[in-house]
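Below is one structure, written out as structure tokens; the observations come after it.
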There are 2 protein chains.
Amino acid sequence: MPDRFVLVLAGGRGERFWPWSQPERPKQLLPLAPGGRSLLAATLERALRLTGPDRVLVLTARDLVPAVRAECPPGVLVVGEPVGRNTAPAIGAAAAWALAQAADATLAVMPSDHLITRTDAFTADAERAFALAGAEPVLVTFGIRPTHAETNFGYLRHGARLEERVHRVARFTEKPDRATAARWIADGDHLWNSGIFVWGAATFLDALTASRPQLATPLRGLGGPRTAPALEAALERVFPALESISVDYAVLEHAPNVITIEASFDWDDLGSWSAWARTQPRDDQGNVAFGDALVMDCERCVVVGEGGPAAALGLRDMVVVHANGATLAVPLDRSEQVRQVSEAVRRRAVAAGPRS
Amino acid sequence: MPDRFVLVLAGGRGERFWPWSQPERPKQLLPLAPGGRSLLAATLERALRLTGPDRVLVLTARDLVPAVRAECPPGVLVVGEPVGRNTAPAIGAAAAWALAQAADATLAVMPSDHLITRTDAFTADAERAFALAGAEPVLVTFGIRPTHAETNFGYLRHGARLEERVHRVARFTEKPDRATAARWIADGDHLWNSGIFVWGAATFLDALTASRPQLATPLRGLGGPRTAPALEAALERVFPALESISVDYAVLEHAPNVITIEASFDWDDLGSWSAWARTQPRDDQGNVAFGDALVMDCERCVVVGEGGPAAALGLRDMVVVHANGATLAVPLDRSEQVRQVSEAVRRRAVAAGPRS
């Protein structure tokens, strides 16, 4: 059996849960998973069902390393990137690192800010993906059966069927418009791209060499340092000069050997407060009260208090958040626009200069 | 001309502006007056148009003395009551204190948590009240022409007309039901009781003796200490044993010699967030943004950020407040129920015990 490695991508700065999420405590570090665990901790649990801790590499931003490490079991390698370069360089670096340790290395890639609750189903699907990627030079993606005409995801179009729930990918497309997304859902041949991948380390680097040789060449030289400082030093030499690009654009849209497994596990990218609310227990009036929340005569509201009370009285279909010394109030059906709020708050803070 | 004294009542713990108002920083200390001044500071300005600072006595709760003193000009006597006993004992104490200094003392009584912006009109009305109270043994009240069927105020019913805008008070009634309030507004003979009074110190103590001798007797013995520690020591001896009762119930409902001046100044008791909002400048969409407030695509909202940002997106007719480490969100037309919220938060805090 080939040697298995896992890359956990933990460098995101998701702002959609502002003010709960902050640049120094982004979405993957929030207790959004069942049992009040962080999404990152839940991701690590899934990773460690597949391989040993010394084969799990967590890449994050340098300033997030201490907070990320606190969520990781002992033995896991937590490495800070000197600069963010999106997913293609990160995955290429992990592939080179794994390949330097084992010529037959297979690599699973897992975002750390998505919610998956059916861990057993995930493990079974991942086992199947490792088997496929170990047997043939294919790039295995996990496709999610769409539930609505989402315009913020990438889509995978089925090509030839290979076996049950496994197809070649005929086309890989980022973020369609709404009409296109609706058509794709109707045809039954399109799946959402979950951003979870499994492939041979060599297979991936070959694909990267074919489509982005200027990325592949420096990354191949990284080697397989076993300690975080050594790997950080290696990234420091290489990363700053690299193009910042996603693996979708750099590799998956071009490679001919992409296949997809239709996931048997549940998956949610938790892209908004309302998405998170759907995963939470509710009271008789449909409210989600989390932390220090006081909910009086409300219906279908999400009220979150962290570090102080959030009180809502007489509201319908609203999100009210008190966290990190700030307050947010927004209708539930506009919670996808929270990023605009956090950006505006940040711009104002910059304009105002340092607080006295 | 008789010697003029002013009592400013600054012991209230108004909770209607929670979380902006807190027990240690109640409504009269908030910057609710024009120019971002506290209501108390604005009250002191009115008081000092009528007499010298050494004739102004500010009564408050003992723990509020430092914060209250910070709002008062030098020379004003700020005194902490050992226990709160409502307005009748406080006014009786001030009357005894003034009488000990001048046998012909007249005393104006001013709540410190109301909003009055037309200071010149107030001064003119107060001059007239001092003249009336200096000439005859009458209890002068200020009546406000009602604008709506308020059920939280006391009402003064006109008796015989004495001169322009001055009537005897035929009846003094606390908090009618809504139907009664509506009838009273229609008849044109009822005014709101503003809680602002002017009377001879001896006249008031005589009225108190007639209706509540058990209050008047110990208060008459207080004397006229000129320093805060001496007056606090005197109150310490007398206050704990006194009945806690308002001047309305203890005196004004019983006294035959109550008259009223219909105010020519504006007056608002600022009983809720929505009442305060009516006094503030608005943007083109009717929003009030105060402090660190971010208002995006909102209409007719009140957004207040103190000590951190309050962000509102896509709201209509809402109050959103971030202050003192807490968050409030409530529809504008239910902002009168905020006291229930603050009480519930306090109960929870007590139940939870001290924070770690």
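All residue names refer to the structure tokens as shown: chains lettered A, B, ... in order, residues numbered from 1 in each chain, ligands numbered from 1 in order.
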Exercise for review: Can you pull out every residue within 6 Å of stretch 135-144 of chain A, counting only C-alpha atoms, but drop anything in the same chain fewer than 5 positions away, and send it as a list in words?
Suggested key: Leu191, Trp192, Asn193, Ser194, Ile196, Phe197, Val198, Trp199, Thr203, Asn257, Val258, Ile259, Thr260, Ile261, Glu262 and Ala263 of chain A
Restrict the calculation to only C-alpha atoms, then for each residue of chain B with any atom at most 6 Å from an atom of chain A give the closest atom pair and their distance in Å to one decimal, rows by chain and rising residue number, as CSV.
residue,atom,partner,partner_atom,distance
B:Gly308,CA,A:Ala326,CA,5.2
B:Pro309,CA,A:Ala326,CA,5.0
B:Ala310,CA,A:Thr327,CA,4.6
B:Ala311,CA,A:Leu328,CA,4.9
B:Ala312,CA,A:Ala329,CA,4.9
B:Leu313,CA,A:Val330,CA,5.0
B:His322,CA,A:Thr327,CA,5.8
B:Gly325,CA,A:Gly308,CA,5.5
B:Ala326,CA,A:Pro309,CA,5.0
B:Thr327,CA,A:Ala310,CA,4.6
B:Leu328,CA,A:Ala311,CA,4.9
B:Ala329,CA,A:Ala312,CA,4.9
B:Val330,CA,A:Leu313,CA,5.0
Any chance you can output those residues with N, CA and C atoms as a PDB file, in the first residue's frame?
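So part_8.pdb came out as:
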ATOM      1  N   GLY B 308     -16.591  50.117  20.585  1.00  0.00           N
ATOM      2  CA  GLY B 308     -16.464  49.079  19.567  1.00  0.00           C
ATOM      3  C   GLY B 308     -17.517  49.306  18.510  1.00  0.00           C
ATOM      4  N   PRO B 309     -17.324  48.716  17.328  1.00  0.00           N
ATOM      5  CA  PRO B 309     -18.263  49.003  16.239  1.00  0.00           C
ATOM      6  C   PRO B 309     -19.592  48.265  16.377  1.00  0.00           C
ATOM      7  N   ALA B 310     -20.662  48.974  16.019  1.00  0.00           N
ATOM      8  CA  ALA B 310     -21.978  48.361  15.835  1.00  0.00           C
ATOM      9  C   ALA B 310     -22.294  48.468  14.351  1.00  0.00           C
ATOM     10  N   ALA B 311     -22.477  47.327  13.708  1.00  0.00           N
ATOM     11  CA  ALA B 311     -22.735  47.305  12.273  1.00  0.00           C
ATOM     12  C   ALA B 311     -24.128  46.773  12.001  1.00  0.00           C
ATOM     13  N   ALA B 312     -24.898  47.524  11.198  1.00  0.00           N
ATOM     14  CA  ALA B 312     -26.247  47.110  10.821  1.00  0.00           C
ATOM     15  C   ALA B 312     -26.314  47.094   9.300  1.00  0.00           C
ATOM     16  N   LEU B 313     -26.819  45.997   8.756  1.00  0.00           N
ATOM     17  CA  LEU B 313     -26.949  45.856   7.308  1.00  0.00           C
ATOM     18  C   LEU B 313     -28.375  45.437   6.978  1.00  0.00           C
ATOM     19  N   HIS B 322     -24.156  48.653  20.507  1.00  0.00           N
ATOM     20  CA  HIS B 322     -22.984  47.989  21.086  1.00  0.00           C
ATOM     21  C   HIS B 322     -22.415  48.938  22.127  1.00  0.00           C
ATOM     22  N   GLY B 325     -19.550  46.314  26.402  1.00  0.00           N
ATOM     23  CA  GLY B 325     -19.343  44.882  26.255  1.00  0.00           C
ATOM     24  C   GLY B 325     -20.607  44.079  26.079  1.00  0.00           C
ATOM     25  N   ALA B 326     -21.677  44.701  25.575  1.00  0.00           N
ATOM     26  CA  ALA B 326     -22.920  43.974  25.342  1.00  0.00           C
ATOM     27  C   ALA B 326     -23.589  44.500  24.073  1.00  0.00           C
ATOM     28  N   THR B 327     -24.528  43.712  23.577  1.00  0.00           N
ATOM     29  CA  THR B 327     -25.233  44.034  22.341  1.00  0.00           C
ATOM     30  C   THR B 327     -26.734  43.982  22.579  1.00  0.00           C
ATOM     31  N   LEU B 328     -27.443  44.949  21.996  1.00  0.00           N
ATOM     32  CA  LEU B 328     -28.907  44.955  22.015  1.00  0.00           C
ATOM     33  C   LEU B 328     -29.420  45.133  20.600  1.00  0.00           C
ATOM     34  N   ALA B 329     -30.417  44.328  20.231  1.00  0.00           N
ATOM     35  CA  ALA B 329     -31.132  44.544  18.974  1.00  0.00           C
ATOM     36  C   ALA B 329     -32.618  44.410  19.263  1.00  0.00           C
ATOM     37  N   VAL B 330     -33.386  45.443  18.876  1.00  0.00           N
ATOM     38  CA  VAL B 330     -34.813  45.479  19.193  1.00  0.00           C
ATOM     39  C   VAL B 330     -35.504  46.379  18.177  1.00  0.00           C
TER      40      VAL B 330
END
Mind the document's chain letters and residue numbers, and return as a CSV table (one decimal) with N, CA and C atoms, in the first residue's frame the residues of stretch 104-265 of chain B that DSSP labels alpha helix (DSSP H).
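Final file, selection_15.csv:
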chain,number,residue,atom,x,y,z
B,119,THR,N,-33.0,76.5,26.6
B,119,THR,CA,-32.5,77.0,27.9
B,119,THR,C,-33.0,78.4,28.2
B,120,ASP,N,-33.1,79.3,27.3
B,120,ASP,CA,-33.6,80.6,27.6
B,120,ASP,C,-35.1,80.6,28.0
B,121,ALA,N,-35.9,79.8,27.3
B,121,ALA,CA,-37.3,79.7,27.7
B,121,ALA,C,-37.4,79.0,29.1
B,122,PHE,N,-36.5,78.0,29.3
B,122,PHE,CA,-36.6,77.4,30.7
B,122,PHE,C,-36.2,78.5,31.7
B,123,THR,N,-35.2,79.2,31.5
B,123,THR,CA,-34.8,80.2,32.5
B,123,THR,C,-35.9,81.2,32.7
B,124,ALA,N,-36.6,81.7,31.7
B,124,ALA,CA,-37.7,82.6,31.9
B,124,ALA,C,-38.8,82.0,32.7
B,125,ASP,N,-39.2,80.8,32.4
B,125,ASP,CA,-40.2,80.1,33.1
B,125,ASP,C,-39.8,80.0,34.6
B,126,ALA,N,-38.5,79.6,34.8
B,126,ALA,CA,-38.1,79.4,36.2
B,126,ALA,C,-38.1,80.7,37.0
B,127,GLU,N,-37.7,81.8,36.3
B,127,GLU,CA,-37.7,83.1,37.0
B,127,GLU,C,-39.2,83.4,37.4
B,128,ARG,N,-40.1,83.1,36.5
B,128,ARG,CA,-41.5,83.4,36.9
B,128,ARG,C,-41.9,82.5,38.1
B,129,ALA,N,-41.5,81.2,38.1
B,129,ALA,CA,-41.8,80.3,39.2
B,129,ALA,C,-41.2,80.8,40.5
B,130,PHE,N,-40.0,81.2,40.4
B,130,PHE,CA,-39.3,81.8,41.7
B,130,PHE,C,-40.1,83.0,42.2
B,131,ALA,N,-40.6,83.8,41.2
B,131,ALA,CA,-41.4,85.0,41.7
B,131,ALA,C,-42.7,84.6,42.3
B,132,LEU,N,-43.4,83.6,41.7
B,132,LEU,CA,-44.6,83.2,42.3
B,132,LEU,C,-44.4,82.5,43.7
B,133,ALA,N,-43.4,81.7,43.8
B,133,ALA,CA,-43.1,81.0,45.0
B,133,ALA,C,-42.6,81.9,46.1
B,134,GLY,N,-41.9,83.0,45.7
B,134,GLY,CA,-41.4,83.9,46.7
B,134,GLY,C,-42.5,84.8,47.2
B,135,ALA,N,-43.5,85.0,46.4
B,135,ALA,CA,-44.6,85.9,46.8
B,135,ALA,C,-45.7,85.3,47.7
B,178,ARG,N,-54.7,54.0,29.3
B,178,ARG,CA,-54.6,54.7,28.0
B,178,ARG,C,-55.9,55.4,27.6
B,179,ALA,N,-57.0,54.8,27.9
B,179,ALA,CA,-58.3,55.5,27.6
B,179,ALA,C,-58.5,56.8,28.4
B,180,THR,N,-58.1,56.7,29.6
B,180,THR,CA,-58.2,58.0,30.5
B,180,THR,C,-57.2,59.0,29.9
B,181,ALA,N,-56.0,58.6,29.6
B,181,ALA,CA,-55.0,59.5,29.1
B,181,ALA,C,-55.5,60.2,27.8
B,182,ALA,N,-56.1,59.4,26.9
B,182,ALA,CA,-56.6,59.9,25.7
B,182,ALA,C,-57.7,61.0,25.9
B,183,ARG,N,-58.6,60.7,26.9
B,183,ARG,CA,-59.7,61.6,27.3
B,183,ARG,C,-59.1,62.9,27.8
B,184,TRP,N,-58.1,62.8,28.6
B,184,TRP,CA,-57.5,63.9,29.2
B,184,TRP,C,-56.8,64.8,28.2
B,185,ILE,N,-56.2,64.2,27.2
B,185,ILE,CA,-55.6,65.0,26.1
B,185,ILE,C,-56.6,65.8,25.4
B,186,ALA,N,-57.7,65.1,25.1
B,186,ALA,CA,-58.8,65.7,24.3
B,186,ALA,C,-59.4,66.9,25.1
B,187,ASP,N,-59.5,66.8,26.4
B,187,ASP,CA,-60.2,67.9,27.1
B,187,ASP,C,-59.4,69.2,27.2
B,201,ALA,N,-38.8,76.9,50.7
B,201,ALA,CA,-38.4,75.8,51.5
B,201,ALA,C,-39.3,75.5,52.7
B,202,ALA,N,-39.7,76.6,53.3
B,202,ALA,CA,-40.7,76.5,54.4
B,202,ALA,C,-42.0,76.0,54.0
B,203,THR,N,-42.5,76.5,52.8
B,203,THR,CA,-43.8,76.1,52.3
B,203,THR,C,-43.8,74.6,52.0
B,204,PHE,N,-42.7,74.1,51.4
B,204,PHE,CA,-42.7,72.7,51.2
B,204,PHE,C,-42.7,71.9,52.5
B,205,LEU,N,-41.8,72.3,53.4
B,205,LEU,CA,-41.8,71.5,54.7
B,205,LEU,C,-43.1,71.6,55.4
B,206,ASP,N,-43.8,72.7,55.3
B,206,ASP,CA,-45.2,72.8,55.9
B,206,ASP,C,-46.1,71.7,55.2
B,207,ALA,N,-46.0,71.7,53.9
B,207,ALA,CA,-46.9,70.7,53.2
B,207,ALA,C,-46.5,69.3,53.6
B,208,LEU,N,-45.2,69.0,53.7
B,208,LEU,CA,-44.8,67.7,54.0
B,208,LEU,C,-45.3,67.3,55.5
B,209,THR,N,-45.2,68.3,56.3
B,209,THR,CA,-45.6,68.1,57.7
B,209,THR,C,-47.1,67.8,57.7
B,210,ALA,N,-47.9,68.4,56.9
B,210,ALA,CA,-49.3,68.2,56.9
B,210,ALA,C,-49.7,66.8,56.4
B,211,SER,N,-48.9,66.3,55.3
B,211,SER,CA,-49.3,65.0,54.7
B,211,SER,C,-48.4,63.9,55.3
B,213,PRO,N,-46.0,63.8,58.4
B,213,PRO,CA,-45.2,64.3,59.5
B,213,PRO,C,-44.1,63.4,59.9
B,214,GLN,N,-44.2,62.1,59.7
B,214,GLN,CA,-43.1,61.2,60.1
B,214,GLN,C,-41.9,61.4,59.2
B,215,LEU,N,-42.1,62.0,58.0
B,215,LEU,CA,-40.9,62.3,57.2
B,215,LEU,C,-40.4,63.7,57.6
B,216,ALA,N,-41.4,64.7,57.7
B,216,ALA,CA,-41.0,66.1,57.9
B,216,ALA,C,-40.1,66.3,59.2
B,217,THR,N,-40.6,65.6,60.3
B,217,THR,CA,-39.9,65.9,61.6
B,217,THR,C,-38.4,65.6,61.6
B,218,PRO,N,-38.0,64.3,61.2
B,218,PRO,CA,-36.6,64.1,61.2
B,218,PRO,C,-35.8,64.9,60.1
B,219,LEU,N,-36.4,65.3,59.0
B,219,LEU,CA,-35.7,66.0,58.0
B,219,LEU,C,-35.5,67.5,58.5
B,220,ARG,N,-36.4,68.0,59.2
B,220,ARG,CA,-36.3,69.4,59.7
B,220,ARG,C,-35.0,69.5,60.6
B,228,ALA,N,-19.9,68.6,51.8
B,228,ALA,CA,-20.5,67.3,51.4
B,228,ALA,C,-20.4,66.3,52.5
B,229,PRO,N,-19.2,66.2,53.1
B,229,PRO,CA,-19.1,65.2,54.2
B,229,PRO,C,-20.0,65.5,55.4
B,230,ALA,N,-20.2,66.7,55.7
B,230,ALA,CA,-21.1,67.0,56.8
B,230,ALA,C,-22.5,66.7,56.5
B,231,LEU,N,-22.9,67.0,55.2
B,231,LEU,CA,-24.3,66.8,54.8
B,231,LEU,C,-24.5,65.2,54.7
B,232,GLU,N,-23.5,64.6,54.2
B,232,GLU,CA,-23.6,63.1,54.1
B,232,GLU,C,-23.7,62.5,55.5
B,233,ALA,N,-23.0,63.0,56.4
B,233,ALA,CA,-23.1,62.5,57.8
B,233,ALA,C,-24.5,62.7,58.4
B,234,ALA,N,-25.1,63.9,58.1
B,234,ALA,CA,-26.4,64.2,58.6
B,234,ALA,C,-27.4,63.2,57.9
B,235,LEU,N,-27.3,63.0,56.6
B,235,LEU,CA,-28.2,62.1,55.9
B,235,LEU,C,-28.1,60.7,56.5
B,236,GLU,N,-26.9,60.3,56.8
B,236,GLU,CA,-26.6,59.0,57.3
B,236,GLU,C,-27.4,58.7,58.6
B,237,ARG,N,-27.5,59.7,59.4
B,237,ARG,CA,-28.3,59.6,60.6
B,237,ARG,C,-29.8,59.5,60.4
B,238,VAL,N,-30.3,60.1,59.4
B,238,VAL,CA,-31.7,60.3,59.2
B,238,VAL,C,-32.3,59.4,58.2
B,247,VAL,N,-42.4,62.4,45.9
B,247,VAL,CA,-43.0,63.7,46.3
B,247,VAL,C,-44.4,63.8,45.7
- Could you please write out, as an MDAnalysis selection string, every residue of stretch 111-336 of chain A that DSSP assigns to strand (DSSP E or B)? chainID A and resid 111 115 139:144 154:163 166:174 190:200 258:262 268 288:296 299 302:313 316 318:323 326:331
